[in-house]
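The file structure-v4.pdb comes next; it holds PDB, C-alpha atoms and all ligand atoms.
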```pdb
MODEL        1
ATOM      1  CA  MET V   1      11.504  34.373 -25.234
ATOM      2  CA  TYR V   2      14.757  32.566 -26.098
ATOM      3  CA  GLU V   3      13.691  29.646 -23.878
ATOM      4  CA  PHE V   4      10.318  29.448 -25.616
ATOM      5  CA  VAL V   5      11.583  29.593 -29.226
ATOM      6  CA  THR V   6      14.389  27.100 -28.569
ATOM      7  CA  GLY V   7      12.129  24.915 -26.387
ATOM      8  CA  PRO V   8       8.490  24.059 -27.188
ATOM      9  CA  LEU V   9       8.446  25.895 -30.510
ATOM     10  CA  ALA V  10      11.580  24.104 -31.731
ATOM     11  CA  TRP V  11      10.037  20.771 -30.716
ATOM     12  CA  ILE V  12       6.858  21.531 -32.676
ATOM     13  CA  ALA V  13       8.835  22.663 -35.740
ATOM     14  CA  PHE V  14      11.060  19.576 -35.820
ATOM     15  CA  LEU V  15       8.124  17.212 -35.244
ATOM     16  CA  ILE V  16       6.098  18.786 -38.064
ATOM     17  CA  PHE V  17       9.162  18.627 -40.299
ATOM     18  CA  PHE V  18       9.997  14.950 -39.675
ATOM     19  CA  ILE V  19       6.422  13.659 -39.654
ATOM     20  CA  GLY V  20       5.497  15.872 -42.615
ATOM     21  CA  VAL V  21       8.390  14.641 -44.736
ATOM     22  CA  ILE V  22       7.494  10.994 -44.029
ATOM     23  CA  VAL V  23       3.816  11.623 -44.808
ATOM     24  CA  ARG V  24       4.714  13.302 -48.129
ATOM     25  CA  ALA V  25       6.860  10.297 -49.116
ATOM     26  CA  VAL V  26       4.104   7.819 -48.196
ATOM     27  CA  MET V  27       1.493   9.900 -50.050
ATOM     28  CA  TYR V  28       3.700   9.864 -53.139
ATOM     29  CA  ILE V  29       4.016   6.079 -53.132
ATOM     30  CA  ARG V  30       0.307   5.579 -52.485
ATOM     31  CA  GLY V  31      -0.569   7.948 -55.298
ATOM     32  CA  LEU V  32       1.283   5.866 -57.900
ATOM     33  CA  ARG V  33      -0.722   3.601 -60.165
ATOM     34  CA  TRP V  34       1.398   0.500 -59.670
ATOM     35  CA  ASN V  35      -1.174  -1.845 -61.177
ATOM     36  CA  LEU V  36      -0.440  -0.563 -64.688
ATOM     37  CA  ASP V  37       3.124  -1.939 -64.608
ATOM     38  CA  ARG V  38       2.647  -4.724 -62.082
ATOM     39  CA  VAL V  39       4.010  -7.545 -64.237
ATOM     40  CA  ALA V  40       7.175  -5.802 -65.437
ATOM     41  CA  TYR V  41       7.945  -4.426 -61.981
ATOM     42  CA  ARG V  42       7.628  -7.821 -60.285
ATOM     43  CA  GLU V  43       9.794  -9.579 -62.828
ATOM     44  CA  PHE V  44      12.760  -7.194 -62.870
ATOM     45  CA  PRO V  45      13.226  -5.681 -59.399
ATOM     46  CA  MET V  46      17.042  -5.467 -59.742
ATOM     47  CA  TYR V  47      16.837  -3.422 -62.950
ATOM     48  CA  GLY V  48      14.400  -1.152 -61.152
ATOM     49  CA  PHE V  49      16.663  -0.652 -58.158
ATOM     50  CA  LYS V  50      19.731   0.041 -60.315
ATOM     51  CA  GLY V  51      17.780   2.448 -62.502
ATOM     52  CA  ALA V  52      16.509   4.351 -59.459
ATOM     53  CA  VAL V  53      19.980   4.725 -57.926
ATOM     54  CA  ARG V  54      21.505   5.700 -61.278
ATOM     55  CA  SER V  55      18.937   8.427 -61.869
ATOM     56  CA  ILE V  56      19.292   9.941 -58.375
ATOM     57  CA  VAL V  57      23.105   9.934 -58.526
ATOM     58  CA  ALA V  58      23.164  11.483 -62.017
ATOM     59  CA  TRP V  59      20.975  14.365 -60.858
ATOM     60  CA  LEU V  60      22.999  14.951 -57.689
ATOM     61  CA  ILE V  61      26.228  15.442 -59.674
ATOM     62  CA  PRO V  62      26.732  18.867 -61.279
ATOM     63  CA  PHE V  63      26.526  18.399 -65.070
ATOM     64  CA  GLY V  64      25.534  14.749 -64.490
ATOM     65  CA  THR V  65      22.486  15.023 -66.754
ATOM     66  CA  ARG V  66      21.842  16.680 -70.094
ATOM     67  CA  ALA V  67      19.493  19.196 -68.463
ATOM     68  CA  TRP V  68      22.234  20.279 -66.048
ATOM     69  CA  ARG V  69      24.761  20.598 -68.919
ATOM     70  CA  GLN V  70      22.425  22.687 -71.046
ATOM     71  CA  ASN V  71      22.322  25.494 -68.451
ATOM     72  CA  ALA V  72      25.863  25.506 -67.051
ATOM     73  CA  GLY V  73      25.656  28.881 -65.248
ATOM     74  CA  PHE V  74      22.320  28.108 -63.617
ATOM     75  CA  THR V  75      23.563  24.644 -62.615
ATOM     76  CA  VAL V  76      26.536  26.144 -60.741
ATOM     77  CA  LEU V  77      24.205  28.554 -58.921
ATOM     78  CA  VAL V  78      21.704  25.847 -57.973
ATOM     79  CA  PHE V  79      24.483  23.641 -56.589
ATOM     80  CA  ILE V  80      26.163  26.420 -54.555
ATOM     81  CA  PHE V  81      22.710  27.414 -53.283
ATOM     82  CA  HIS V  82      21.769  23.873 -52.215
ATOM     83  CA  ILE V  83      25.131  22.958 -50.689
ATOM     84  CA  GLY V  84      24.916  26.085 -48.528
ATOM     85  CA  LEU V  85      21.287  25.353 -47.763
ATOM     86  CA  LEU V  86      21.835  21.780 -46.591
ATOM     87  CA  VAL V  87      25.439  21.471 -45.385
ATOM     88  CA  THR V  88      25.828  24.755 -43.458
ATOM     89  CA  PRO V  89      23.071  24.311 -40.831
ATOM     90  CA  ILE V  90      24.006  20.679 -40.099
ATOM     91  CA  PHE V  91      27.738  21.249 -39.587
ATOM     92  CA  LEU V  92      27.534  24.716 -38.027
ATOM     93  CA  LEU V  93      29.377  25.035 -34.711
ATOM     94  CA  ALA V  94      26.628  27.117 -33.027
ATOM     95  CA  HIS V  95      23.925  24.557 -33.918
ATOM     96  CA  ASN V  96      26.025  21.639 -32.746
ATOM     97  CA  LEU V  97      26.752  23.336 -29.432
ATOM     98  CA  ILE V  98      23.001  23.641 -28.855
ATOM     99  CA  LEU V  99      22.500  20.035 -29.942
ATOM    100  CA  LYS V 100      25.169  18.825 -27.520
ATOM    101  CA  GLU V 101      23.760  20.891 -24.663
ATOM    102  CA  ARG V 102      20.145  19.786 -25.217
ATOM    103  CA  TRP V 103      20.496  16.259 -26.580
ATOM    104  CA  GLY V 104      23.959  15.186 -25.511
ATOM    105  CA  PHE V 105      25.174  14.513 -29.059
ATOM    106  CA  SER V 106      26.481  16.551 -31.967
ATOM    107  CA  PHE V 107      27.753  16.168 -35.522
ATOM    108  CA  TRP V 108      31.191  16.878 -36.774
ATOM    109  CA  THR V 109      31.599  20.667 -37.280
ATOM    110  CA  LEU V 110      33.138  22.927 -39.923
ATOM    111  CA  PRO V 111      35.333  25.904 -38.893
ATOM    112  CA  GLU V 112      33.239  29.050 -38.410
ATOM    113  CA  PRO V 113      34.941  31.085 -41.189
ATOM    114  CA  VAL V 114      34.028  28.268 -43.604
ATOM    115  CA  THR V 115      30.325  28.159 -42.627
ATOM    116  CA  ASP V 116      30.249  31.951 -42.671
ATOM    117  CA  LEU V 117      31.625  31.956 -46.229
ATOM    118  CA  MET V 118      29.181  29.218 -47.274
ATOM    119  CA  THR V 119      26.326  31.351 -45.912
ATOM    120  CA  VAL V 120      27.477  34.359 -47.939
ATOM    121  CA  LEU V 121      27.982  32.280 -51.116
ATOM    122  CA  MET V 122      24.558  30.717 -50.676
ATOM    123  CA  LEU V 123      22.985  34.176 -50.370
ATOM    124  CA  VAL V 124      24.825  35.475 -53.440
ATOM    125  CA  ALA V 125      23.652  32.424 -55.415
ATOM    126  CA  ALA V 126      20.085  33.015 -54.172
ATOM    127  CA  LEU V 127      20.246  36.651 -55.285
ATOM    128  CA  LEU V 128      21.429  35.627 -58.765
ATOM    129  CA  ILE V 129      18.730  32.928 -58.960
ATOM    130  CA  PHE V 130      16.187  35.617 -58.037
ATOM    131  CA  LEU V 131      17.526  38.070 -60.655
ATOM    132  CA  ARG V 132      17.517  35.322 -63.291
ATOM    133  CA  ARG V 133      13.787  34.903 -62.756
ATOM    134  CA  TYR V 134      13.331  38.470 -64.038
ATOM    135  CA  ALA V 135      16.178  38.592 -66.560
ATOM    136  CA  LEU V 136      14.923  35.675 -68.678
ATOM    137  CA  PRO V 137      11.488  36.293 -70.234
ATOM    138  CA  GLU V 138      10.742  32.544 -70.447
ATOM    139  CA  VAL V 139      11.262  32.215 -66.666
ATOM    140  CA  ARG V 140       9.627  35.576 -65.834
ATOM    141  CA  ILE V 141       6.260  34.609 -67.329
ATOM    142  CA  LEU V 142       6.230  31.464 -65.165
ATOM    143  CA  THR V 143       7.213  33.298 -61.951
ATOM    144  CA  THR V 144       4.489  33.988 -59.405
ATOM    145  CA  GLY V 145       4.438  35.537 -55.930
ATOM    146  CA  TYR V 146       4.437  32.004 -54.563
ATOM    147  CA  ASP V 147       7.900  31.317 -56.073
ATOM    148  CA  LEU V 148       9.228  34.448 -54.399
ATOM    149  CA  LEU V 149       7.652  33.542 -51.067
ATOM    150  CA  VAL V 150       9.248  30.091 -51.180
ATOM    151  CA  LEU V 151      12.639  31.583 -52.042
ATOM    152  CA  ALA V 152      12.246  34.105 -49.191
ATOM    153  CA  ILE V 153      11.416  31.328 -46.690
ATOM    154  CA  ALA V 154      14.477  29.361 -47.884
ATOM    155  CA  VAL V 155      16.929  32.252 -47.419
ATOM    156  CA  ALA V 156      15.490  33.972 -44.313
ATOM    157  CA  PRO V 157      17.404  31.868 -41.716
ATOM    158  CA  PHE V 158      20.631  32.568 -43.612
ATOM    159  CA  ILE V 159      20.174  36.346 -43.642
ATOM    160  CA  THR V 160      19.156  36.477 -39.968
ATOM    161  CA  GLY V 161      21.835  33.914 -38.956
ATOM    162  CA  LEU V 162      24.501  35.977 -40.715
ATOM    163  CA  LEU V 163      23.366  39.205 -39.012
ATOM    164  CA  ALA V 164      23.263  37.527 -35.589
ATOM    165  CA  TYR V 165      26.662  35.873 -36.045
ATOM    166  CA  HIS V 166      28.270  39.215 -36.949
ATOM    167  CA  HIS V 167      26.414  41.043 -34.169
ATOM    168  CA  VAL V 168      24.995  43.598 -36.598
ATOM    169  CA  GLY V 169      22.667  45.860 -34.589
ATOM    170  CA  ASP V 170      20.691  44.192 -31.801
ATOM    171  CA  TYR V 171      22.029  40.622 -31.369
ATOM    172  CA  GLN V 172      19.039  39.330 -29.349
ATOM    173  CA  PHE V 173      16.592  40.611 -31.950
ATOM    174  CA  TRP V 174      18.349  38.903 -34.876
ATOM    175  CA  LEU V 175      18.874  35.714 -32.914
ATOM    176  CA  ILE V 176      15.184  35.349 -32.024
ATOM    177  CA  LEU V 177      14.184  36.248 -35.586
ATOM    178  CA  HIS V 178      16.749  33.715 -36.810
ATOM    179  CA  ILE V 179      15.315  30.904 -34.742
ATOM    180  CA  LEU V 180      11.753  31.807 -35.749
ATOM    181  CA  SER V 181      12.692  31.937 -39.450
ATOM    182  CA  GLY V 182      14.493  28.577 -39.051
ATOM    183  CA  GLU V 183      11.306  27.112 -37.599
ATOM    184  CA  VAL V 184       9.214  28.519 -40.454
ATOM    185  CA  TRP V 185      11.780  26.940 -42.838
ATOM    186  CA  LEU V 186      11.312  23.509 -41.252
ATOM    187  CA  ILE V 187       7.506  23.720 -41.118
ATOM    188  CA  ALA V 188       7.222  25.020 -44.700
ATOM    189  CA  ILE V 189       9.084  22.046 -46.197
ATOM    190  CA  PRO V 190       6.251  19.480 -46.028
ATOM    191  CA  PHE V 191       3.525  21.979 -46.988
ATOM    192  CA  THR V 192       4.999  23.975 -49.879
ATOM    193  CA  LYS V 193       6.941  23.141 -53.010
ATOM    194  CA  LEU V 194       9.981  22.982 -50.735
ATOM    195  CA  SER V 195       8.725  19.408 -50.296
ATOM    196  CA  HIS V 196      10.894  18.670 -53.352
ATOM    197  CA  PHE V 197      13.447  18.061 -50.571
ATOM    198  CA  VAL V 198      11.883  14.585 -50.382
ATOM    199  CA  LEU V 199       9.799  14.417 -53.578
ATOM    200  CA  PHE V 200      12.884  14.968 -55.737
ATOM    201  CA  PHE V 201      14.175  11.582 -54.542
ATOM    202  CA  MET V 202      10.784   9.910 -54.939
ATOM    203  CA  SER V 203      10.202  11.072 -58.504
ATOM    204  CA  ARG V 204      13.793  10.416 -59.637
ATOM    205  CA  ALA V 205      13.577   6.921 -58.124
ATOM    206  CA  GLN V 206      10.269   6.281 -59.834
ATOM    207  CA  LEU V 207      11.405   7.477 -63.273
ATOM    208  CA  GLY V 208      14.774   5.725 -62.936
ATOM    209  CA  MET V 209      13.018   2.492 -61.977
ATOM    210  CA  ASP V 210      10.683   2.737 -64.903
ATOM    211  CA  PHE V 211      13.528   3.329 -67.360
ATOM    212  CA  GLY V 212      15.655   0.598 -65.767
ATOM    213  CA  ILE V 213      12.901  -1.983 -66.041
ATOM    214  CA  LYS V 214      11.545  -1.069 -69.446
ATOM    215  CA  ARG V 215      14.861  -0.346 -71.168
ATOM    216  CA  GLY V 216      16.895  -3.016 -69.342
ATOM    217  CA  GLY V 217      14.526  -5.660 -68.044
ATOM    218  CA  MET V 218      12.487  -6.052 -71.183
ATOM    219  CA  LYS V 219      15.513  -6.137 -73.501
ATOM    220  CA  GLY V 220      16.114  -9.460 -75.163
ATOM    221  CA  ARG V 221      12.417 -10.242 -74.991
ATOM    222  CA  GLY V 222      11.735  -8.119 -78.010
ATOM    223  CA  MET V 223      10.098  -5.577 -75.769
ATOM    224  CA  ALA V 224      12.629  -2.757 -75.480
ATOM    225  CA  TRP V 225      10.581   0.441 -75.452
TER     226      TRP V 225
HETATM  227  C1  LIG F   1      15.361  25.998 -35.177
HETATM  228  C2  LIG F   1      16.312  26.229 -34.372
HETATM  229  C3  LIG F   1      17.575  27.006 -34.642
HETATM  230  C4  LIG F   1      18.350  27.509 -33.661
HETATM  231  C5  LIG F   1      18.110  27.398 -32.157
HETATM  232  C6  LIG F   1      19.471  28.185 -34.291
HETATM  233  C7  LIG F   1      20.487  28.834 -33.604
HETATM  234  C8  LIG F   1      21.545  29.494 -34.178
HETATM  235  C9  LIG F   1      22.588  30.211 -33.442
HETATM  236  C10 LIG F   1      22.657  30.320 -31.912
HETATM  237  C11 LIG F   1      23.423  30.732 -34.357
HETATM  238  C12 LIG F   1      24.704  31.512 -34.087
HETATM  239  C13 LIG F   1      24.555  32.941 -33.808
HETATM  240  C14 LIG F   1      25.859  33.410 -33.182
HETATM  241  O1  LIG F   1      26.923  33.168 -33.740
HETATM  242  O2  LIG F   1      25.795  33.969 -32.096
HETATM  243  C15 LIG F   1      22.966  30.341 -35.669
HETATM  244  C16 LIG F   1      23.589  30.671 -36.853
HETATM  245  C17 LIG F   1      23.181  30.221 -38.096
HETATM  246  N1  LIG F   1      22.060  29.446 -38.376
HETATM  247 FE1  LIG F   1      20.729  28.746 -37.009
HETATM  248  N2  LIG F   1      19.369  28.073 -35.663
HETATM  249  C18 LIG F   1      18.218  27.355 -35.917
HETATM  250  C19 LIG F   1      17.740  26.994 -37.184
HETATM  251  C20 LIG F   1      18.419  27.207 -38.369
HETATM  252  C21 LIG F   1      17.991  26.737 -39.668
HETATM  253  C22 LIG F   1      16.742  25.885 -39.939
HETATM  254  C23 LIG F   1      18.923  27.166 -40.567
HETATM  255  C24 LIG F   1      19.010  26.986 -42.057
HETATM  256  C25 LIG F   1      18.201  26.338 -42.765
HETATM  257  C26 LIG F   1      19.925  27.915 -39.862
HETATM  258  C27 LIG F   1      21.052  28.499 -40.439
HETATM  259  C28 LIG F   1      22.021  29.202 -39.744
HETATM  260  C29 LIG F   1      23.173  29.811 -40.364
HETATM  261  C30 LIG F   1      23.509  29.726 -41.846
HETATM  262  C31 LIG F   1      23.911  30.468 -39.334
HETATM  263  C32 LIG F   1      25.250  31.160 -39.391
HETATM  264  C33 LIG F   1      25.478  32.262 -40.306
HETATM  265  C34 LIG F   1      26.939  32.619 -40.331
HETATM  266  O3  LIG F   1      27.734  32.087 -39.535
HETATM  267  O4  LIG F   1      27.278  33.442 -41.180
HETATM  268  N3  LIG F   1      19.599  27.914 -38.525
HETATM  269  N4  LIG F   1      21.808  29.581 -35.540
HETATM  270  C1  LIG F   2      18.704  17.097 -51.238
HETATM  271  C2  LIG F   2      17.640  17.838 -51.311
HETATM  272  C3  LIG F   2      17.304  18.750 -52.472
HETATM  273  C4  LIG F   2      17.421  18.542 -53.819
HETATM  274  C5  LIG F   2      17.970  17.302 -54.522
HETATM  275  C6  LIG F   2      16.938  19.740 -54.488
HETATM  276  C7  LIG F   2      16.882  19.913 -55.863
HETATM  277  C8  LIG F   2      16.418  21.036 -56.519
HETATM  278  C9  LIG F   2      16.285  21.170 -57.936
HETATM  279  C10 LIG F   2      16.638  20.081 -58.963
HETATM  280  C11 LIG F   2      15.794  22.411 -58.184
HETATM  281  C12 LIG F   2      15.354  22.962 -59.521
HETATM  282  C13 LIG F   2      16.289  23.726 -60.290
HETATM  283  C14 LIG F   2      15.544  24.071 -61.581
HETATM  284  O1  LIG F   2      14.665  24.957 -61.562
HETATM  285  O2  LIG F   2      15.853  23.431 -62.591
HETATM  286  C15 LIG F   2      15.588  23.070 -56.911
HETATM  287  C16 LIG F   2      15.122  24.369 -56.756
HETATM  288  C17 LIG F   2      14.948  24.973 -55.527
HETATM  289  N1  LIG F   2      15.210  24.429 -54.279
HETATM  290 FE1  LIG F   2      15.882  22.547 -53.912
HETATM  291  N2  LIG F   2      16.538  20.653 -53.547
HETATM  292  C18 LIG F   2      16.749  20.085 -52.306
HETATM  293  C19 LIG F   2      16.484  20.655 -51.082
HETATM  294  C20 LIG F   2      16.021  21.936 -50.904
HETATM  295  C21 LIG F   2      15.728  22.540 -49.611
HETATM  296  C22 LIG F   2      15.902  21.845 -48.257
HETATM  297  C23 LIG F   2      15.299  23.809 -49.865
HETATM  298  C24 LIG F   2      14.848  24.887 -48.904
HETATM  299  C25 LIG F   2      14.255  24.673 -47.807
HETATM  300  C26 LIG F   2      15.323  24.017 -51.314
HETATM  301  C27 LIG F   2      14.972  25.189 -51.954
HETATM  302  C28 LIG F   2      14.891  25.371 -53.315
HETATM  303  C29 LIG F   2      14.402  26.575 -53.955
HETATM  304  C30 LIG F   2      13.938  27.850 -53.240
HETATM  305  C31 LIG F   2      14.447  26.330 -55.341
HETATM  306  C32 LIG F   2      13.972  27.268 -56.450
HETATM  307  C33 LIG F   2      15.006  28.214 -56.945
HETATM  308  C34 LIG F   2      14.337  29.175 -57.945
HETATM  309  O3  LIG F   2      13.718  30.136 -57.494
HETATM  310  O4  LIG F   2      14.440  28.911 -59.151
HETATM  311  N3  LIG F   2      15.777  22.859 -51.908
HETATM  312  N4  LIG F   2      15.979  22.215 -55.908
ENDMDL
END
```
Write out the structure in this file as structure tokens.
Ligand code: HEM
Ligand code: HEM
Amino acid sequence: MYEFVTGPLAWIAFLIFFIGVIVRAVMYIRGLRWNLDRVAYREFPMYGFKGAVRSIVAWLIPFGTRAWRQNAGFTVLVFIFHIGLLVTPIFLLAHNLILKERWGFSFWTLPEPVTDLMTVLMLVAALLIFLRRYALPEVRILTTGYDLLVLAIAVAPFITGLLAYHHVGDYQFWLILHILSGEVWLIAIPFTKLSHFVLFFMSRAQLGMDFGIKRGGMKGRGMAW
């Protein structure tokens, strides 16, 4: 079983993830109606590029935008949640040992107590994000089963990874479940709203470009929107 889930199944999951993420990005670009802004976009590409980078960077910094500042507590939770979500699996010792064994290369690794703590903090943040969905009426009315499913898919590898790492109960059971939930995590990204993993960057770049060109590029031509 271990051979199968870390072999062919892992291959399939990673392929679907990488190809799926690229396809989502291409679909986003093809779905844009470039012709509406063709002239402005062609004339001011530098303003567009700067605007795109500025918008992405502002949103990746805690409190970097007005929306982040307006909800300080939620912002802290979302950042702890995402740092755990993205940094932990990449720099985890156990993952890098597998990578080295199978592929002959590995990334730099964080000490195990650090990744363990990041896993716990990420799970605590996820729990508070979940509770917030029910505590605030304005968020509760927008919450559907789909939101909960997506949140469950996002946290499942962390719960099972934590239980396996600490050898709680049957190690083999949690390890296999961990790998399977990690594969579901990867496959779900292109097909669910977890695709914001790539679409976040696409939409921020698009809006930043638009602002950069229309507020910067057109200035001085009596055309500042
Ligand atoms: C798909 C293939 C994957 C394999 C083969 C794999 C394998 C492993 C192994 C062997 C461990 C260590 C268990 C131990 O210490 O004995 C582990 C821990 C962990 N994995 Fe994975 N994993 C996979 C995917 C993922 C994914 C996609 C994520 C997150 C998105 C993830 C997050 C974690 C975390 C957070 C821990 C450690 C928890 C802790 O130390 O407290 N894994 N994984
Ligand atoms: C660098 C990549 C990513 C960025 C920039 C990003 C950004 C964001 C942002 C801005 C939000 C919305 C917060 C709000 O409601 O205002 C969000 C929510 C969320 N993200 Fe990500 N995300 C990234 C990657 C991921 C990944 C890889 C996953 C899981 C596979 C994920 C899972 C979630 C979940 C579950 C929520 C919803 C939390 C809730 O229930 O309210 N994100 N993300």
Fewer than 4 positions away in the same chain doesn't count, so skip those; otherwise give me all residues within 9 Å of range 152-159 of chain V, counting only C-alpha atoms, as a PyMOL selection string. chain V and resi 85+119-120+122-123+126+147-148+163-164+177-185+188+194
Once you count all atoms listed in the file, what closest atom pair and distance in Å to one decimal does each residue of chain V within 7 Å of ligand LIG 2 (chain F) have, with rows by chain and rising residue number, as JSON lines?
```
{"residue": "V:Leu60", "atom": "CA", "partner": "F:LIG2", "partner_atom": "C5", "distance": 6.4}
{"residue": "V:Val78", "atom": "CA", "partner": "F:LIG2", "partner_atom": "C13", "distance": 6.3}
{"residue": "V:His82", "atom": "CA", "partner": "F:LIG2", "partner_atom": "N3", "distance": 6.1}
{"residue": "V:Leu85", "atom": "CA", "partner": "F:LIG2", "partner_atom": "C22", "distance": 6.4}
{"residue": "V:Leu86", "atom": "CA", "partner": "F:LIG2", "partner_atom": "C22", "distance": 6.2}
{"residue": "V:Ile129", "atom": "CA", "partner": "F:LIG2", "partner_atom": "C34", "distance": 5.9}
{"residue": "V:Phe130", "atom": "CA", "partner": "F:LIG2", "partner_atom": "O3", "distance": 6.0}
{"residue": "V:Asp147", "atom": "CA", "partner": "F:LIG2", "partner_atom": "O3", "distance": 6.1}
{"residue": "V:Leu148", "atom": "CA", "partner": "F:LIG2", "partner_atom": "O3", "distance": 7.0}
{"residue": "V:Val150", "atom": "CA", "partner": "F:LIG2", "partner_atom": "C30", "distance": 5.6}
{"residue": "V:Leu151", "atom": "CA", "partner": "F:LIG2", "partner_atom": "C30", "distance": 4.1}
{"residue": "V:Ala154", "atom": "CA", "partner": "F:LIG2", "partner_atom": "C24", "distance": 4.6}
{"residue": "V:Trp185", "atom": "CA", "partner": "F:LIG2", "partner_atom": "C25", "distance": 6.0}
{"residue": "V:Ile189", "atom": "CA", "partner": "F:LIG2", "partner_atom": "C25", "distance": 6.0}
{"residue": "V:Leu194", "atom": "CA", "partner": "F:LIG2", "partner_atom": "C25", "distance": 5.4}
{"residue": "V:His196", "atom": "CA", "partner": "F:LIG2", "partner_atom": "N2", "distance": 6.0}
{"residue": "V:Phe197", "atom": "CA", "partner": "F:LIG2", "partner_atom": "C19", "distance": 4.0}
{"residue": "V:Val198", "atom": "CA", "partner": "F:LIG2", "partner_atom": "C2", "distance": 6.7}
{"residue": "V:Phe200", "atom": "CA", "partner": "F:LIG2", "partner_atom": "C5", "distance": 5.7}
{"residue": "V:Phe201", "atom": "CA", "partner": "F:LIG2", "partner_atom": "C5", "distance": 6.9}
```
I need the residues from that last selection saved to file as a PDB file, in the frame of the given file (with C-alpha atoms), if you can.
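Once written, result.pdb looks like this:
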```
ATOM      1  CA  LEU V  60      22.999  14.951 -57.689  1.00  0.00           C
ATOM      2  CA  VAL V  78      21.704  25.847 -57.973  1.00  0.00           C
ATOM      3  CA  HIS V  82      21.769  23.873 -52.215  1.00  0.00           C
ATOM      4  CA  LEU V  85      21.287  25.353 -47.763  1.00  0.00           C
ATOM      5  CA  LEU V  86      21.835  21.780 -46.591  1.00  0.00           C
ATOM      6  CA  ILE V 129      18.730  32.928 -58.960  1.00  0.00           C
ATOM      7  CA  PHE V 130      16.187  35.617 -58.037  1.00  0.00           C
ATOM      8  CA  ASP V 147       7.900  31.317 -56.073  1.00  0.00           C
ATOM      9  CA  LEU V 148       9.228  34.448 -54.399  1.00  0.00           C
ATOM     10  CA  VAL V 150       9.248  30.091 -51.180  1.00  0.00           C
ATOM     11  CA  LEU V 151      12.639  31.583 -52.042  1.00  0.00           C
ATOM     12  CA  ALA V 154      14.477  29.361 -47.884  1.00  0.00           C
ATOM     13  CA  TRP V 185      11.780  26.940 -42.838  1.00  0.00           C
ATOM     14  CA  ILE V 189       9.084  22.046 -46.197  1.00  0.00           C
ATOM     15  CA  LEU V 194       9.981  22.982 -50.735  1.00  0.00           C
ATOM     16  CA  HIS V 196      10.894  18.670 -53.352  1.00  0.00           C
ATOM     17  CA  PHE V 197      13.447  18.061 -50.571  1.00  0.00           C
ATOM     18  CA  VAL V 198      11.883  14.585 -50.382  1.00  0.00           C
ATOM     19  CA  PHE V 200      12.884  14.968 -55.737  1.00  0.00           C
ATOM     20  CA  PHE V 201      14.175  11.582 -54.542  1.00  0.00           C
TER      21      PHE V 201
END
```
Between atom O4 of ligand LIG 1 (chain F) and CA of Phe18 in chain V, distance in Å (one decimal): 25.4 Å
Test item: residues at most 10 Å from Thr143 in chain V, only C-alpha atoms, excluding those fewer than 6 positions along its chain, as a PyMOL selection string: chain V and resi 133-134+137
Give as a ChimeraX atom specification every residue, naming chains and numbers as the document does, that has an atom within 9 Å of (8.0, 6.3, -53.3), counting all atoms listed in the file. /V:25-32,199,201-203,205-206
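Distance check against ligand LIG 1 (chain F) using only C-alpha atoms and all ligand atoms: of V:Ala125, V:Ala135, V:Ala52, V:Leu110, the minimum falls on V:Leu110.
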12 Å contact set for Ile12 in chain V, all atoms listed in the file, chain neighbours under 4 positions out, as a list in words: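 Residues meeting the cut-off are Phe4, Val5, Thr6, Gly7, Pro8, Ile16, Phe17, Phe18, Ile19, Gly20, Leu180, Glu183, Val184, Leu186 and Ile187 of chain V.
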What is the atom C22 of ligand LIG 1 (chain F) to CA of Ile56 in chain V distance in Å? 24.5 Å
Enumerate, as a short mmCIF file (atom, residue, chain, number, x, y, z; two decimals) with C-alpha atoms, keeping the file's coordinate frame, the residues matched when the PyMOL selection byres (((chain V and resi 90-94) around 12) and not hetatm) is run on the file above.
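The result, stored in part36.cif:
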```cif
data_model
loop_
_atom_site.label_atom_id
_atom_site.label_comp_id
_atom_site.auth_asym_id
_atom_site.auth_seq_id
_atom_site.Cartn_x
_atom_site.Cartn_y
_atom_site.Cartn_z
CA ILE V 83 25.13 22.96 -50.69
CA GLY V 84 24.92 26.08 -48.53
CA LEU V 85 21.29 25.35 -47.76
CA LEU V 86 21.84 21.78 -46.59
CA VAL V 87 25.44 21.47 -45.38
CA THR V 88 25.83 24.76 -43.46
CA PRO V 89 23.07 24.31 -40.83
CA HIS V 95 23.92 24.56 -33.92
CA ASN V 96 26.02 21.64 -32.75
CA LEU V 97 26.75 23.34 -29.43
CA ILE V 98 23.00 23.64 -28.86
CA LEU V 99 22.50 20.04 -29.94
CA LYS V 100 25.17 18.82 -27.52
CA GLU V 101 23.76 20.89 -24.66
CA SER V 106 26.48 16.55 -31.97
CA PHE V 107 27.75 16.17 -35.52
CA TRP V 108 31.19 16.88 -36.77
CA THR V 109 31.60 20.67 -37.28
CA LEU V 110 33.14 22.93 -39.92
CA PRO V 111 35.33 25.90 -38.89
CA GLU V 112 33.24 29.05 -38.41
CA PRO V 113 34.94 31.08 -41.19
CA VAL V 114 34.03 28.27 -43.60
CA THR V 115 30.32 28.16 -42.63
CA ASP V 116 30.25 31.95 -42.67
CA LEU V 117 31.62 31.96 -46.23
CA MET V 118 29.18 29.22 -47.27
CA THR V 119 26.33 31.35 -45.91
CA PHE V 158 20.63 32.57 -43.61
CA GLY V 161 21.84 33.91 -38.96
CA LEU V 162 24.50 35.98 -40.72
CA ALA V 164 23.26 37.53 -35.59
CA TYR V 165 26.66 35.87 -36.04
CA LEU V 175 18.87 35.71 -32.91
#
```
Looking at V:Ala10, V:Val168, V:Ser195, V:Ile176, which one is nearest to Ile22 in chain V, with distances taken over all atoms listed in the file?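 Under the stated criterion, the closest residue is V:Ser195.
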With 3 Å added on each side, what axis-aligned box encloses every listed atom of ligand LIG 1 (chain F)? Give the centre and edge lengths in Å to one decimal, as AutoDock Vina command-line options.
```
--center_x 21.5 --center_y 29.9 --center_z -37.3 --size_x 18.4 --size_y 14.1 --size_z 16.9
```
What is the atom C20 of ligand LIG 1 (chain F)-CA of Gly169 in chain V distance in Å, reported with one decimal? 19.5 Å
